[in-house]
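Encoded as C-alpha cells, the structure appears first; notes follow it.
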Amino acid sequence: MAERRYYELLTYRIISSSRTPGFVDFLANAAVPAWNRQGIEPVGVLSTLYGTDMAAIHVLLPHPTIESVGESRDKILADTKFLETGASILEAGESNPAFVRMESSLLVGFPSMPS
C-alpha cells in the first residue's frame with residue numbers, strides 16, 4: 001500500500017483587491033520556488049472569485065511526511081532567497097498589510113486514495 005500523503009491548505013484573506021496582484025506575484029516569485037526547493041511540489045494556488053466578503057488566495061502544499069509539514073515553515077523562514085525576493089510582502093507594515101488573515105488546515109490522504 002502506498003504511503004499516505006499530507007496536504008496543508010493555506011487560505012490568505014486579502015481585504016483590498018488592489019493588494020491581490022502583489023500577493024500573487026509574491027507567491028509566484030518567492031514562496032512557490034522556496035517550497036519547491038524544499039521538495040514540496042506541485043504547489044496549487046487558487047483564488048476565490050465569488051461568495052466571500054473579501055478576496056481569498058488558497059495554497060495547497062503536498063507534503064511527503066508529517067515531519068515535512070512541521071519543518072516547512074522554519075525552512076522557508078531560513079531561506080535567504082525567499083526573504084530577499086519576498087521582502088515587499090514580508091515587510092509590509094500594519095498600515096498596508098499584504099493580507100489580514102491566514103488560515104491553515106491539515107489534510108491526510110485516505111488509505112484507499114493515499115495521494
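How things are named: the first chain in the C-alpha cells is A, the next is B, and so on; residues count from 1 in each chain; ligands count from 1 in the order shown.
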
Do you know which residues are at most 12 Å from Leu90 of chain A counting only C-alpha atoms, after dropping those on the same chain fewer than 4 positions away, and could you put them as a PDB file with N, CA and C atoms, in the first residue's frame?
```pdb
ATOM      1  N   GLY A  22      -0.065  41.938  -6.148  1.00  0.00           N
ATOM      2  CA  GLY A  22       1.233  41.904  -5.473  1.00  0.00           C
ATOM      3  C   GLY A  22       1.427  40.626  -4.673  1.00  0.00           C
ATOM      4  N   PHE A  23       0.344  40.149  -4.044  1.00  0.00           N
ATOM      5  CA  PHE A  23       0.443  38.915  -3.268  1.00  0.00           C
ATOM      6  C   PHE A  23       0.612  37.709  -4.188  1.00  0.00           C
ATOM      7  N   PHE A  26       4.159  37.632  -5.205  1.00  0.00           N
ATOM      8  CA  PHE A  26       4.939  37.106  -4.085  1.00  0.00           C
ATOM      9  C   PHE A  26       4.901  35.579  -4.071  1.00  0.00           C
ATOM     10  N   LEU A  27       3.712  35.017  -4.243  1.00  0.00           N
ATOM     11  CA  LEU A  27       3.600  33.556  -4.262  1.00  0.00           C
ATOM     12  C   LEU A  27       4.380  32.976  -5.442  1.00  0.00           C
ATOM     13  N   ALA A  30       8.457  34.150  -5.033  1.00  0.00           N
ATOM     14  CA  ALA A  30       9.190  33.925  -3.780  1.00  0.00           C
ATOM     15  C   ALA A  30       8.751  32.644  -3.077  1.00  0.00           C
ATOM     16  N   ALA A  31       7.465  32.539  -2.751  1.00  0.00           N
ATOM     17  CA  ALA A  31       7.002  31.426  -1.910  1.00  0.00           C
ATOM     18  C   ALA A  31       7.019  30.076  -2.632  1.00  0.00           C
ATOM     19  N   ILE A  76      11.390  27.695   5.311  1.00  0.00           N
ATOM     20  CA  ILE A  76      11.137  28.817   4.411  1.00  0.00           C
ATOM     21  C   ILE A  76      11.612  30.130   5.036  1.00  0.00           C
ATOM     22  N   LEU A  77      11.503  30.244   6.359  1.00  0.00           N
ATOM     23  CA  LEU A  77      11.962  31.461   7.032  1.00  0.00           C
ATOM     24  C   LEU A  77      13.482  31.535   7.141  1.00  0.00           C
ATOM     25  N   PHE A  82      14.226  33.421  -0.506  1.00  0.00           N
ATOM     26  CA  PHE A  82      12.814  33.718  -0.235  1.00  0.00           C
ATOM     27  C   PHE A  82      12.677  35.060   0.472  1.00  0.00           C
ATOM     28  N   LEU A  83      13.493  35.275   1.496  1.00  0.00           N
ATOM     29  CA  LEU A  83      13.413  36.518   2.278  1.00  0.00           C
ATOM     30  C   LEU A  83      13.737  37.742   1.426  1.00  0.00           C
ATOM     31  N   GLU A  84      14.708  37.616   0.534  1.00  0.00           N
ATOM     32  CA  GLU A  84      15.076  38.735  -0.338  1.00  0.00           C
ATOM     33  C   GLU A  84      14.007  38.992  -1.398  1.00  0.00           C
ATOM     34  N   THR A  85      13.578  37.930  -2.070  1.00  0.00           N
ATOM     35  CA  THR A  85      12.607  38.068  -3.160  1.00  0.00           C
ATOM     36  C   THR A  85      11.250  38.533  -2.647  1.00  0.00           C
ATOM     37  N   GLY A  86      10.860  38.065  -1.468  1.00  0.00           N
ATOM     38  CA  GLY A  86       9.545  38.399  -0.926  1.00  0.00           C
ATOM     39  C   GLY A  86       9.521  39.556   0.043  1.00  0.00           C
ATOM     40  N   GLU A  94       1.762  47.530   9.113  1.00  0.00           N
ATOM     41  CA  GLU A  94       0.380  47.392   9.567  1.00  0.00           C
ATOM     42  C   GLU A  94      -0.579  48.297   8.799  1.00  0.00           C
ATOM     43  N   ASN A  96      -0.607  48.902   5.631  1.00  0.00           N
ATOM     44  CA  ASN A  96      -0.899  48.389   4.292  1.00  0.00           C
ATOM     45  C   ASN A  96      -0.517  46.905   4.219  1.00  0.00           C
ATOM     46  N   PRO A  97      -1.197  46.054   4.996  1.00  0.00           N
ATOM     47  CA  PRO A  97      -0.797  44.646   5.057  1.00  0.00           C
ATOM     48  C   PRO A  97      -1.083  43.903   3.753  1.00  0.00           C
ATOM     49  N   ALA A  98      -0.273  42.896   3.477  1.00  0.00           N
ATOM     50  CA  ALA A  98      -0.465  42.076   2.284  1.00  0.00           C
ATOM     51  C   ALA A  98      -1.727  41.225   2.410  1.00  0.00           C
ATOM     52  N   PHE A  99      -2.015  40.765   3.631  1.00  0.00           N
ATOM     53  CA  PHE A  99      -3.236  40.008   3.908  1.00  0.00           C
ATOM     54  C   PHE A  99      -3.617  40.267   5.362  1.00  0.00           C
TER      55      PHE A  99
END
```

Go through chain A and collect every residue that DSSP, computed from the backbone, puts in alpha helix (DSSP H); the answer should be as number ranges by chain. A: 20-26, 32-37, 66-77, 80-85, 87-90

Which value, in Å to one decimal, gives the distance between atom CA of Leu107 of chain A and atom CA of Ile14 of chain A? 23.2 Å

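Nearest to Val100 of chain A of all the residues A:Ala56, A:Arg4, A:Trp35, A:Val69 is A:Ala56, counting only C-alpha atoms.
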
Residues near Pro42 of chain A, cut-off 9 Å, only C-alpha atoms, skip fewer than 4 positions along chain, as a VMD selection string: chain A and resid 32 36 60 to 62

8 Å contact set for Gln38 of chain A, only C-alpha atoms, chain neighbours under 3 positions out, as a PyMOL selection string: chain A and resi 34-35+72+75

Keeping N, CA, C and O atoms, export the residues of the selection given above as a PDB file, in the first residue's frame.
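again.pdb was written with the following content:
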```
ATOM      1  N   ALA A  34      10.437  28.720  -3.183  1.00  0.00           N
ATOM      2  CA  ALA A  34      11.034  28.310  -1.904  1.00  0.00           C
ATOM      3  C   ALA A  34      10.473  26.968  -1.446  1.00  0.00           C
ATOM      4  O   ALA A  34      11.219  26.107  -0.969  1.00  0.00           O
ATOM      5  N   TRP A  35       9.162  26.782  -1.592  1.00  0.00           N
ATOM      6  CA  TRP A  35       8.580  25.474  -1.246  1.00  0.00           C
ATOM      7  C   TRP A  35       9.129  24.394  -2.169  1.00  0.00           C
ATOM      8  O   TRP A  35       9.442  23.294  -1.722  1.00  0.00           O
ATOM      9  N   SER A  72       8.469  22.770   7.387  1.00  0.00           N
ATOM     10  CA  SER A  72       8.480  23.649   6.210  1.00  0.00           C
ATOM     11  C   SER A  72       8.478  25.128   6.563  1.00  0.00           C
ATOM     12  O   SER A  72       9.142  25.929   5.907  1.00  0.00           O
ATOM     13  N   LYS A  75      11.949  26.140   7.613  1.00  0.00           N
ATOM     14  CA  LYS A  75      12.857  26.129   6.458  1.00  0.00           C
ATOM     15  C   LYS A  75      12.640  27.333   5.547  1.00  0.00           C
ATOM     16  O   LYS A  75      13.603  27.920   5.063  1.00  0.00           O
TER      17      LYS A  75
END
```

Give me the residues within 12 Å of Tyr7 of chain A as an NGL selection string, counting only C-alpha atoms and dropping any in the same chain fewer than 4 places off. :A and (40-44 or 59-70 or 104-110 or 114-115)

Exercise: Arg13 of chain A partners within 9 Å, only C-alpha atoms, chain neighbours under 3 positions left out, as a PyMOL selection string: chain A and resi 54-58+99-103

Export of the given selection (all heavy atoms) as a tab-separated table (two decimals), in the first residue's frame:
```
chain	number	residue	atom	x	y	z
A	54	MET	N	-14.32	39.17	1.17
A	54	MET	CA	-13.00	39.67	0.79
A	54	MET	C	-12.31	38.62	-0.07
A	54	MET	O	-12.67	37.45	-0.06
A	54	MET	CB	-12.16	40.01	2.03
A	54	MET	CG	-11.84	38.86	2.93
A	54	MET	SD	-10.85	39.32	4.38
A	54	MET	CE	-12.00	40.24	5.34
A	55	ALA	N	-11.34	39.06	-0.83
A	55	ALA	CA	-10.60	38.15	-1.70
A	55	ALA	C	-9.88	37.10	-0.88
A	55	ALA	O	-9.45	37.35	0.25
A	55	ALA	CB	-9.60	38.95	-2.54
A	56	ALA	N	-9.75	35.91	-1.44
A	56	ALA	CA	-9.03	34.83	-0.76
A	56	ALA	C	-8.14	34.12	-1.78
A	56	ALA	O	-8.54	33.88	-2.91
A	56	ALA	CB	-10.00	33.85	-0.13
A	57	ILE	N	-6.93	33.83	-1.35
A	57	ILE	CA	-5.99	33.03	-2.14
A	57	ILE	C	-5.76	31.74	-1.36
A	57	ILE	O	-5.43	31.78	-0.18
A	57	ILE	CB	-4.64	33.76	-2.34
A	57	ILE	CG1	-4.84	35.14	-2.98
A	57	ILE	CG2	-3.67	32.90	-3.13
A	57	ILE	CD1	-5.29	35.11	-4.41
A	58	HIS	N	-5.95	30.61	-2.02
A	58	HIS	CA	-5.77	29.30	-1.40
A	58	HIS	C	-4.51	28.66	-1.95
A	58	HIS	O	-4.29	28.67	-3.17
A	58	HIS	CB	-6.97	28.39	-1.70
A	58	HIS	CG	-8.28	29.03	-1.36
A	58	HIS	ND1	-8.79	29.07	-0.09
A	58	HIS	CD2	-9.19	29.68	-2.13
A	58	HIS	CE1	-9.94	29.69	-0.09
A	58	HIS	NE2	-10.21	30.08	-1.33
A	99	PHE	N	-2.02	40.76	3.63
A	99	PHE	CA	-3.24	40.01	3.91
A	99	PHE	C	-3.62	40.27	5.36
A	99	PHE	O	-2.80	40.71	6.15
A	99	PHE	CB	-3.05	38.51	3.63
A	99	PHE	CG	-1.95	37.86	4.41
A	99	PHE	CD1	-2.20	37.26	5.64
A	99	PHE	CD2	-0.64	37.83	3.92
A	99	PHE	CE1	-1.19	36.66	6.36
A	99	PHE	CE2	0.38	37.23	4.64
A	99	PHE	CZ	0.11	36.64	5.86
A	100	VAL	N	-4.87	39.99	5.69
A	100	VAL	CA	-5.34	40.28	7.04
A	100	VAL	C	-5.55	39.03	7.88
A	100	VAL	O	-5.72	39.12	9.09
A	100	VAL	CB	-6.63	41.12	7.03
A	100	VAL	CG1	-6.35	42.50	6.48
A	100	VAL	CG2	-7.73	40.42	6.26
A	101	ARG	N	-5.55	37.87	7.25
A	101	ARG	CA	-5.75	36.61	7.97
A	101	ARG	C	-5.18	35.47	7.15
A	101	ARG	O	-5.28	35.45	5.93
A	101	ARG	CB	-7.24	36.39	8.22
A	101	ARG	CG	-7.57	35.13	8.96
A	101	ARG	CD	-9.10	35.01	9.15
A	101	ARG	NE	-9.44	33.76	9.75
A	101	ARG	CZ	-9.60	33.56	11.05
A	101	ARG	NH1	-9.44	34.56	11.88
A	101	ARG	NH2	-9.91	32.37	11.52
A	102	MET	N	-4.57	34.51	7.85
A	102	MET	CA	-4.08	33.29	7.21
A	102	MET	C	-4.62	32.12	8.01
A	102	MET	O	-4.47	32.06	9.21
A	102	MET	CB	-2.56	33.26	7.18
A	102	MET	CG	-1.98	32.17	6.28
A	102	MET	SD	-1.71	30.57	7.03
A	102	MET	CE	-0.37	30.87	8.11
A	103	GLU	N	-5.31	31.22	7.31
A	103	GLU	CA	-5.86	30.02	7.93
A	103	GLU	C	-5.08	28.83	7.40
A	103	GLU	O	-4.69	28.79	6.24
A	103	GLU	CB	-7.34	29.88	7.58
A	103	GLU	CG	-8.17	31.07	7.99
A	103	GLU	CD	-9.51	31.14	7.27
A	103	GLU	OE1	-9.93	30.15	6.63
A	103	GLU	OE2	-10.14	32.20	7.35
```

Taking only segment 33-91 of chain A into account, list the residues labelled strand (DSSP E) by DSSP (computed from the backbone), as a list of chain:residue names. A:Gly44, A:Val45, A:Leu46, A:Ser47, A:Ala55, A:Ala56, A:Ile57, A:His58, A:Val59, A:Leu60, A:Leu61, A:Pro62, A:His63

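In terms of minimum interatomic distance to Ser88 of chain A, A:Arg19 ranks closest within A:Arg73, A:Arg5, A:Arg19, A:Arg37, counting only C-alpha atoms.
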
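Between atom CA of Leu9 of chain A and atom CA of Ile89 of chain A the separation is 19.9 Å.
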